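Asker: Once you've had a glance at the structure underneath, I'll fire off some questions.
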Amino acid sequence: MNSRRTRTAAVLLAVSALLLVAAVGGAVPGALSLGPIGETTEADRADDPTTDGTVGYVEGYWYDDELAVDDDDGAVVEDDELEAVVYRSMARVEEIRGLTFEDDVPVEVISREEFEADNDDLFADTAGDERIQLNVNAEALFAVDRETDATEAQEALYGGTVGGYYEPATDQVVLVSDSAETPEVDEAILGHELLHALQDQQFDLSSYDRETVDQDNAKNGLIEGDAVWVETAYEQRCGEEWDCLEPGDATSDPPDVNWVLYAAIFQPYSDGPDYVDHLREQREDWDAVDAAYDEPPASTSEVIRPGEDREPADIDVEDRSNESWSQLEIDGEPATETYGEAGLVSMFAGDAHDSDEPSVIGPDAFFEADLGGYDYDQLYTDGWAGDELVTYVADDAETDDPAAAADRAGYVWETEWTSSEEAEQFLAGYEQQLELQDAEAVDDRQDTYVIDDSYPGAYYVDHDGETVTIVNAPAVEELAAVDDGAAPEGEDTIEIDDAPEPEADDGAEADGDEDDSIPGFGAPDAVVAAAIVVAVATVARVRSGR
C-alpha cells in the first residue's frame with residue numbers, strides 16, 4: 001500500500017475494513033428496506049457436529065437453541081451468560097451466511113466513557129500536514145468551511161451512538177455499553193460485527209488496497225453490503241422465529257452532522273445490499289458473493305450500478321506550480337485523494353437535507369422513493385471515470401498551524417469522464433455549486449470565479465474533452481502559480497448552457513409542487529435521525545502500532 005495513506009488519514013476520511021463499527025439500533029435503520037431476504041437453508045442436525053465443519057453450530061450451541069437469558073426482561077447479559085449469547089449468535093450468522101467460523105471471536109464490553117476517551121486520543125494524534133490536507137480536501141467538497149477544522153468535523157460524526165465494532169488487528173468484537181457493569185447486548189449489532197469477523201477469517205479484510213476514499217467505499221460496498229444483508233435477515237428472523245436480545249429504545253438528541261461528509265461515507269451502506277443482491281442473482285446463493293472477495297469493486301461506480309465494470313482512469317496530476325508554491329507532501333509523497341462518483345454526488349447533494357438551503361441535487365432526486373436510502377446514480381456524475389485532488393501550499397504558509405495554513409493553500413482537482421458530454425454534465429452541476437456559494441465571475445479571465453465567504457478564494461475551471469480540471473488558490477493572481485496557465489486572460493470558453501438538466505425521479509412531483517410527505521429536512525424526521533446513527537457507524541478507526 002502506498003505509504004502516503006497514513007494511519008491517521010485513513011482514520012479520518014476512509015471507511016476502512018481495519019475497523020468496522022455499528023451503531024446503536026443496528027448498522028442499518030429500520031427505514032432501510034432491502035426487499036425480500038429470501039430463504040435460508042437450515043443446517044442439518046449432524047449426529048457429530050463440529051464448530052468448523054457444521055453450519056449453524058458453534059461450540060455446543062445451535063442457531064435456534066433457547067437460552068435462559070431469553071426469558072429475562074431487557075437485554076442485560078451477565079459475564080457468565082455472554083459466552084453462550086456469542087456462540088449462539090455466531091451460529092445464527094453461519095446459518096444465514098452459509099459459512100463457518102474458523103476460530104473463536106473474543107467479545108469485549110467497554111463503557112462509553114472508555115470508547116470516547118479512546119476516540120479523543122486517536123484524533124489528537126493527527127499530524128499538522130494531515131490536518132492541512134483534510135481541511136483543503138473538505139473545502140474542495142464544499143463540506144467544511146474555512147472557519148471549521150475538518151478533523152473536528154469528522155470526530156463529531158461519532159457522537160455517543162456507536163454500539164460496537166470489529167477490529168481485525170485483535171480479531172475481536174467490542175461492544176460499547178452505556179453501563180459496562182450491566183451491559184445490554186443488541187443481537188443485531190453483535191451479529192453484524194460477528195459477520196465482519198467471519199469475513200475476516202474467510203477473506204482477510206486487511207488485505208485490500210485502501211489508498212483513497214473511493215477505494216475504501218468501493219471495498220466496503222461489498223463488505224458492508226454483505227454485513228447489512230445478513231443483519232437484515234437476522235433481524236427478520238428475530239421477529240419471526242428466533243428469540244433475540246433487543247435493548248429498549250434509547251432516547252437521545254442526535255448529534256450535529258456534516259451531511260456532505262456523511263453522504264460520502266454512507267454510500268456503501270445504501271448501495272452495498274443491492275450490490276450483494278445482484279451478485280446473489282448471478283450464481284446459486286452466496287457463491288458469487290464469496291468469489292467477489294477475490295476481485296472486489298474497483299470504484300464506487302461499480303457498487304452504484306451493479307454489473308457495470310468501471311475501472312478508474314489512471315490520473316497523475318502534473319505538478320506545474322512555480323517556485324513559490326509546491327505540492328504538500330506526507331511521508332515524502334504528494335498529498336493526493338480520489339473521492340470517486342460517490343464523493344462527487346455527496347458534494348452536490350450535501351444540503352438536500354436542509355429545506356432552508358438550496359442544493360444542486362435536491363431531496364426529490366437524492367432521497368429514494370421509499371425513503372430507504374440515497375440515490376447515488378445521478379446524471380451530473382454518472383459519467384465519472386476518475387479523479388485526483390492534489391493539495392498545494394505556498395512557501396510562506398505556516399504549516400505548523402493547520403488553520404492558518406489553509407489561508408495559503410490551494411489544490412488542483414483533475415476529473416476524467418467517459419465522454420465530453422458527460423464532462424459537460426458535471427460542469428453544469430459544478431457551475432450551480434459555485435453559484436450557490438455566491439461565486440462571482442472574474443472579468444477578463446477565462447472561466448475564473450471568486451468566492452468571498454465560507455469558501456474564500458479563486459477558482460479556475462478548465463474543460464478539455466473528457467477532462468475537467470479545477471484549480472483553487474487564495475487569489476486570482478496566484479492561480480497560475482499553483483498551476484501554470486490557469487486563469488488566462490480572455491473571455492469565458494466553457495459553454496454549458498445546453499447541458500441537460502437531471503430528470504426528476506419517479507417519486508418526484510413533476511409539476512414542481514412540494515410533496516407534503518417529505519417535510520423539513522426532505523425526509524421524515526425518524527429517517528433522518530436513523531441516518532445520523534448510521535453516519536456515526538461508518539467512520540473507521542485505526543489504532544496506532546498496527
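Chain labels A, B, ... are given in the sequence in which chains occur in the C-alpha cells; within each chain residues are numbered consecutively from 1, and ligands are likewise numbered from 1 in the order shown.
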When you look at Leu245 of chain A with a cut-off of 9 Å (counting only C-alpha atoms), what residues show up, excluding the ones that are within fewer than 3 positions of it in the same chain? I need them as a ChimeraX atom specification.
Answerer: /A:69-70,74-76,85,184-188,238
Asker: Any idea what's packed within 6 Å of segment 265-278 of chain A, counting only C-alpha atoms, ignoring anything in its chain fewer than 2 positions away? Could you give it as a list of chain:residue names?
Answerer: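 Once the adjacent positions are removed, what remains is A:Asn217, A:Asn220, A:Gly221, A:Leu222, A:Gly225, A:Trp229, A:Tyr262, A:Ala263, A:Arg280, A:Glu281, A:Val303, A:Ile304, A:Pro306, A:Gly373.
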Asker: From the DSSP assignment of the backbone, select every residue of segment 382-455 of chain A that is strand (DSSP E), and format the answer as a ChimeraX atom specification.
Answerer: /A:384-394,409-417,440-441,448-451
Asker: May I have the selected residues written with C-alpha atoms, as a PDB file, in the first residue's frame?
Answerer:
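Result written to result16.pdb:
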```pdb
ATOM      1  CA  TRP A 384     -17.286   9.557 -13.776  1.00  0.00           C
ATOM      2  CA  ALA A 385     -14.129   7.808 -14.952  1.00  0.00           C
ATOM      3  CA  GLY A 386     -11.603   9.028 -12.389  1.00  0.00           C
ATOM      4  CA  ASP A 387     -10.395  11.949 -10.289  1.00  0.00           C
ATOM      5  CA  GLU A 388      -7.345  13.070  -8.335  1.00  0.00           C
ATOM      6  CA  LEU A 389      -7.144  16.032  -5.977  1.00  0.00           C
ATOM      7  CA  VAL A 390      -3.658  17.324  -5.107  1.00  0.00           C
ATOM      8  CA  THR A 391      -3.080  19.763  -2.235  1.00  0.00           C
ATOM      9  CA  TYR A 392      -0.649  22.683  -2.718  1.00  0.00           C
ATOM     10  CA  VAL A 393       0.830  25.091  -0.178  1.00  0.00           C
ATOM     11  CA  ALA A 394       2.614  28.380  -0.617  1.00  0.00           C
ATOM     12  CA  ALA A 409      -3.183  26.568   0.448  1.00  0.00           C
ATOM     13  CA  GLY A 410      -4.854  25.508  -2.778  1.00  0.00           C
ATOM     14  CA  TYR A 411      -5.423  22.495  -4.954  1.00  0.00           C
ATOM     15  CA  VAL A 412      -5.604  21.038  -8.443  1.00  0.00           C
ATOM     16  CA  TRP A 413      -8.513  18.626  -8.908  1.00  0.00           C
ATOM     17  CA  GLU A 414      -8.473  16.749 -12.198  1.00  0.00           C
ATOM     18  CA  THR A 415     -11.547  14.739 -13.116  1.00  0.00           C
ATOM     19  CA  GLU A 416     -11.994  12.346 -16.044  1.00  0.00           C
ATOM     20  CA  TRP A 417     -15.318  11.463 -17.677  1.00  0.00           C
ATOM     21  CA  GLU A 440     -18.584  35.932  -8.901  1.00  0.00           C
ATOM     22  CA  ALA A 441     -17.118  35.606 -12.383  1.00  0.00           C
ATOM     23  CA  THR A 448     -12.465  32.111 -13.336  1.00  0.00           C
ATOM     24  CA  TYR A 449     -14.529  32.817 -10.229  1.00  0.00           C
ATOM     25  CA  VAL A 450     -14.047  34.289  -6.759  1.00  0.00           C
ATOM     26  CA  ILE A 451     -15.836  33.370  -3.534  1.00  0.00           C
TER      27      ILE A 451
END
```
Asker: As an exercise, work out the distance from atom CA of Leu328 of chain A to atom CA of Thr467 of chain A in Å and give it to one decimal place.
Answerer: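 Going from atom CA of Leu328 of chain A over to atom CA of Thr467 of chain A covers 23.2 Å.
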Asker: Give me, please, the distance in Å between atom CA of Gly53 of chain A and atom CA of Asp285 of chain A, quoted to one decimal.
Answerer: 18.9 Å
Asker: Tell me which protein, DNA and RNA residues are within 9 Å of Asp204 of chain A, counting only C-alpha atoms, leaving out same-chain ones fewer than 5 positions away, and put them as a count of residues only.
Answerer: 3
Asker: Provide the atom CA of Asp47 of chain A to atom CA of Arg97 of chain A distance in Å, to one decimal place.
Answerer: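 Interatomic distance, atom CA of Asp47 of chain A to atom CA of Arg97 of chain A: 21.9 Å.
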Asker: Rank A:Ala91, A:Glu466, A:Arg310, A:His196 by their smallest atom-to-atom distance to Glu224 of chain A, using only C-alpha atoms, and report the top residue only.
Answerer: A:His196
Asker: Using only C-alpha atoms, which residues sit within 8 Å of Ala143 of chain A once same-chain residues fewer than 5 positions away are excluded, as a list of chain:residue names?
Answerer: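 With the cut-off at 8 Å, the set is A:Ala138, A:Asn258, A:Trp259, A:Val260, A:Leu261, A:Met347, A:Gly350.
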Asker: Please, could you write that set of residues out with all heavy atoms as a short mmCIF file (atom, residue, chain, number, x, y, z; two decimals), in the first residue's frame?
Answerer:
```
data_model
loop_
_atom_site.label_atom_id
_atom_site.label_comp_id
_atom_site.auth_asym_id
_atom_site.auth_seq_id
_atom_site.Cartn_x
_atom_site.Cartn_y
_atom_site.Cartn_z
N ALA A 138 -11.70 18.98 2.37
CA ALA A 138 -13.08 19.22 2.80
C ALA A 138 -13.63 20.51 2.19
O ALA A 138 -14.81 20.60 1.85
CB ALA A 138 -13.15 19.27 4.32
N ASN A 258 -22.40 16.77 9.63
CA ASN A 258 -21.99 17.38 8.36
C ASN A 258 -22.50 16.46 7.25
O ASN A 258 -21.97 15.37 7.04
CB ASN A 258 -20.47 17.52 8.32
CG ASN A 258 -19.99 18.22 7.07
OD1 ASN A 258 -20.27 17.79 5.96
ND2 ASN A 258 -19.26 19.30 7.25
N TRP A 259 -23.52 16.89 6.55
CA TRP A 259 -24.21 16.00 5.63
C TRP A 259 -23.37 15.63 4.42
O TRP A 259 -23.56 14.56 3.83
CB TRP A 259 -25.54 16.60 5.20
CG TRP A 259 -26.54 16.61 6.30
CD1 TRP A 259 -27.00 17.69 6.99
CD2 TRP A 259 -27.19 15.47 6.89
NE1 TRP A 259 -27.89 17.30 7.96
CE2 TRP A 259 -28.03 15.94 7.92
CE3 TRP A 259 -27.13 14.10 6.64
CZ2 TRP A 259 -28.82 15.10 8.69
CZ3 TRP A 259 -27.92 13.26 7.42
CH2 TRP A 259 -28.75 13.75 8.41
N VAL A 260 -22.46 16.48 3.98
CA VAL A 260 -21.59 16.13 2.85
C VAL A 260 -20.66 14.98 3.25
O VAL A 260 -20.54 13.98 2.54
CB VAL A 260 -20.78 17.34 2.36
CG1 VAL A 260 -19.85 16.94 1.22
CG2 VAL A 260 -21.70 18.47 1.92
N LEU A 261 -20.00 15.13 4.40
CA LEU A 261 -19.11 14.07 4.87
C LEU A 261 -19.90 12.79 5.14
O LEU A 261 -19.44 11.68 4.86
CB LEU A 261 -18.38 14.53 6.13
CG LEU A 261 -17.47 15.75 5.99
CD1 LEU A 261 -16.82 16.07 7.33
CD2 LEU A 261 -16.42 15.55 4.91
N MET A 347 -20.96 15.95 -2.71
CA MET A 347 -20.70 17.38 -2.83
C MET A 347 -21.93 18.11 -3.36
O MET A 347 -22.32 19.16 -2.85
CB MET A 347 -19.51 17.63 -3.76
CG MET A 347 -19.23 19.10 -4.05
SD MET A 347 -17.74 19.35 -5.06
CE MET A 347 -18.28 18.64 -6.64
N GLY A 350 -25.15 17.64 -0.63
CA GLY A 350 -24.92 17.80 0.81
C GLY A 350 -25.99 18.57 1.54
O GLY A 350 -26.25 18.32 2.72
#
```
Asker: If we count only C-alpha atoms and set the cut-off at 6 Å, which residues sit around Ala473 of chain A, ignoring sequence neighbours fewer than 4 positions away in its own chain? Please answer as a list of chain:residue names.
Answerer: A:Gly410, A:Gly457, A:Ala458, A:Glu478, A:Leu479
Asker: Excluding Pro456 of chain A and residues on its chain fewer than 5 positions from it, collect all residues at most 9 Å away from it, counting only C-alpha atoms, and give them as JSON, numbers by chain.
Answerer: {"A": [145, 146, 407, 450, 451, 474, 475]}
Asker: Just write the chosen residues, N, CA and C atoms, as a PDB file, in the first residue's frame.
Answerer:
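File written: result-v2.pdb
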```
ATOM      1  N   ASP A 145     -16.188  24.571   5.983  1.00  0.00           N
ATOM      2  CA  ASP A 145     -15.760  25.911   5.602  1.00  0.00           C
ATOM      3  C   ASP A 145     -14.435  26.282   6.253  1.00  0.00           C
ATOM      4  N   ARG A 146     -13.952  27.436   5.883  1.00  0.00           N
ATOM      5  CA  ARG A 146     -12.618  27.876   6.313  1.00  0.00           C
ATOM      6  C   ARG A 146     -12.524  28.024   7.825  1.00  0.00           C
ATOM      7  N   ASP A 407      -5.196  29.318   4.739  1.00  0.00           N
ATOM      8  CA  ASP A 407      -5.264  30.599   4.038  1.00  0.00           C
ATOM      9  C   ASP A 407      -4.227  30.702   2.940  1.00  0.00           C
ATOM     10  N   VAL A 450     -14.528  33.956  -8.093  1.00  0.00           N
ATOM     11  CA  VAL A 450     -14.047  34.289  -6.759  1.00  0.00           C
ATOM     12  C   VAL A 450     -15.193  34.119  -5.772  1.00  0.00           C
ATOM     13  N   ILE A 451     -14.887  33.503  -4.636  1.00  0.00           N
ATOM     14  CA  ILE A 451     -15.836  33.370  -3.534  1.00  0.00           C
ATOM     15  C   ILE A 451     -15.258  34.113  -2.340  1.00  0.00           C
ATOM     16  N   PRO A 474      -5.596  31.109  -3.163  1.00  0.00           N
ATOM     17  CA  PRO A 474      -6.150  32.182  -2.328  1.00  0.00           C
ATOM     18  C   PRO A 474      -6.618  33.395  -3.126  1.00  0.00           C
ATOM     19  N   ALA A 475      -5.981  33.673  -4.251  1.00  0.00           N
ATOM     20  CA  ALA A 475      -6.337  34.851  -5.036  1.00  0.00           C
ATOM     21  C   ALA A 475      -6.163  34.551  -6.523  1.00  0.00           C
TER      22      ALA A 475
END
```
Asker: Would you please work out which residue, of A:Leu279, A:Ala403, A:Ala486, A:Leu67, is nearest to Thr151 of chain A when using only C-alpha atoms?
Answerer: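 Once distances to Thr151 of chain A are computed over only C-alpha atoms, the minimum belongs to A:Ala403.
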Asker: Give the alpha helix (DSSP H) residues of segment 252-345 of chain A, as assigned by DSSP on the backbone, as an MDAnalysis selection string.
Answerer: chainID A and resid 259:282 287:292 300:304 340:345
Asker: Atoms to include: C-alpha atoms. Write the selected residues as a PDB file, in the first residue's frame.
Answerer:
```
ATOM      1  CA  TRP A 259     -24.206  15.996   5.633  1.00  0.00           C
ATOM      2  CA  VAL A 260     -21.593  16.128   2.851  1.00  0.00           C
ATOM      3  CA  LEU A 261     -19.115  14.071   4.867  1.00  0.00           C
ATOM      4  CA  TYR A 262     -21.923  11.796   5.989  1.00  0.00           C
ATOM      5  CA  ALA A 263     -23.238  11.147   2.480  1.00  0.00           C
ATOM      6  CA  ALA A 264     -19.710  10.408   1.275  1.00  0.00           C
ATOM      7  CA  ILE A 265     -19.254   7.558   3.774  1.00  0.00           C
ATOM      8  CA  PHE A 266     -22.842   6.275   3.824  1.00  0.00           C
ATOM      9  CA  GLN A 267     -22.820   5.111   0.188  1.00  0.00           C
ATOM     10  CA  PRO A 268     -21.620   1.516   0.873  1.00  0.00           C
ATOM     11  CA  TYR A 269     -24.461   1.055   3.362  1.00  0.00           C
ATOM     12  CA  SER A 270     -27.015   2.481   0.940  1.00  0.00           C
ATOM     13  CA  ASP A 271     -25.914   0.701  -2.250  1.00  0.00           C
ATOM     14  CA  GLY A 272     -23.981  -2.282  -0.884  1.00  0.00           C
ATOM     15  CA  PRO A 273     -27.002  -4.532  -0.138  1.00  0.00           C
ATOM     16  CA  ASP A 274     -28.298  -4.121  -3.704  1.00  0.00           C
ATOM     17  CA  TYR A 275     -24.807  -4.912  -4.973  1.00  0.00           C
ATOM     18  CA  VAL A 276     -24.832  -8.123  -2.922  1.00  0.00           C
ATOM     19  CA  ASP A 277     -28.319  -8.940  -4.208  1.00  0.00           C
ATOM     20  CA  HIS A 278     -27.002  -8.529  -7.753  1.00  0.00           C
ATOM     21  CA  LEU A 279     -24.173 -10.961  -7.038  1.00  0.00           C
ATOM     22  CA  ARG A 280     -26.537 -13.468  -5.454  1.00  0.00           C
ATOM     23  CA  GLU A 281     -28.611 -13.449  -8.634  1.00  0.00           C
ATOM     24  CA  GLN A 282     -25.573 -14.400 -10.712  1.00  0.00           C
ATOM     25  CA  ASP A 287     -21.128 -18.352  -4.432  1.00  0.00           C
ATOM     26  CA  ALA A 288     -20.770 -15.136  -6.434  1.00  0.00           C
ATOM     27  CA  VAL A 289     -20.510 -13.058  -3.256  1.00  0.00           C
ATOM     28  CA  ASP A 290     -17.725 -15.288  -1.952  1.00  0.00           C
ATOM     29  CA  ALA A 291     -15.926 -15.043  -5.308  1.00  0.00           C
ATOM     30  CA  ALA A 292     -16.198 -11.245  -5.278  1.00  0.00           C
ATOM     31  CA  THR A 300     -17.934   3.254  -6.110  1.00  0.00           C
ATOM     32  CA  SER A 301     -19.375   3.415  -9.625  1.00  0.00           C
ATOM     33  CA  GLU A 302     -19.399  -0.387  -9.725  1.00  0.00           C
ATOM     34  CA  VAL A 303     -21.409  -0.501  -6.496  1.00  0.00           C
ATOM     35  CA  ILE A 304     -23.791   2.272  -7.516  1.00  0.00           C
ATOM     36  CA  GLY A 340     -14.953   8.909  -6.775  1.00  0.00           C
ATOM     37  CA  GLU A 341     -18.509   9.123  -8.000  1.00  0.00           C
ATOM     38  CA  ALA A 342     -19.986   8.806  -4.507  1.00  0.00           C
ATOM     39  CA  GLY A 343     -17.882  11.708  -3.237  1.00  0.00           C
ATOM     40  CA  LEU A 344     -18.906  13.978  -6.101  1.00  0.00           C
ATOM     41  CA  VAL A 345     -22.580  13.126  -5.593  1.00  0.00           C
TER      42      VAL A 345
END
```
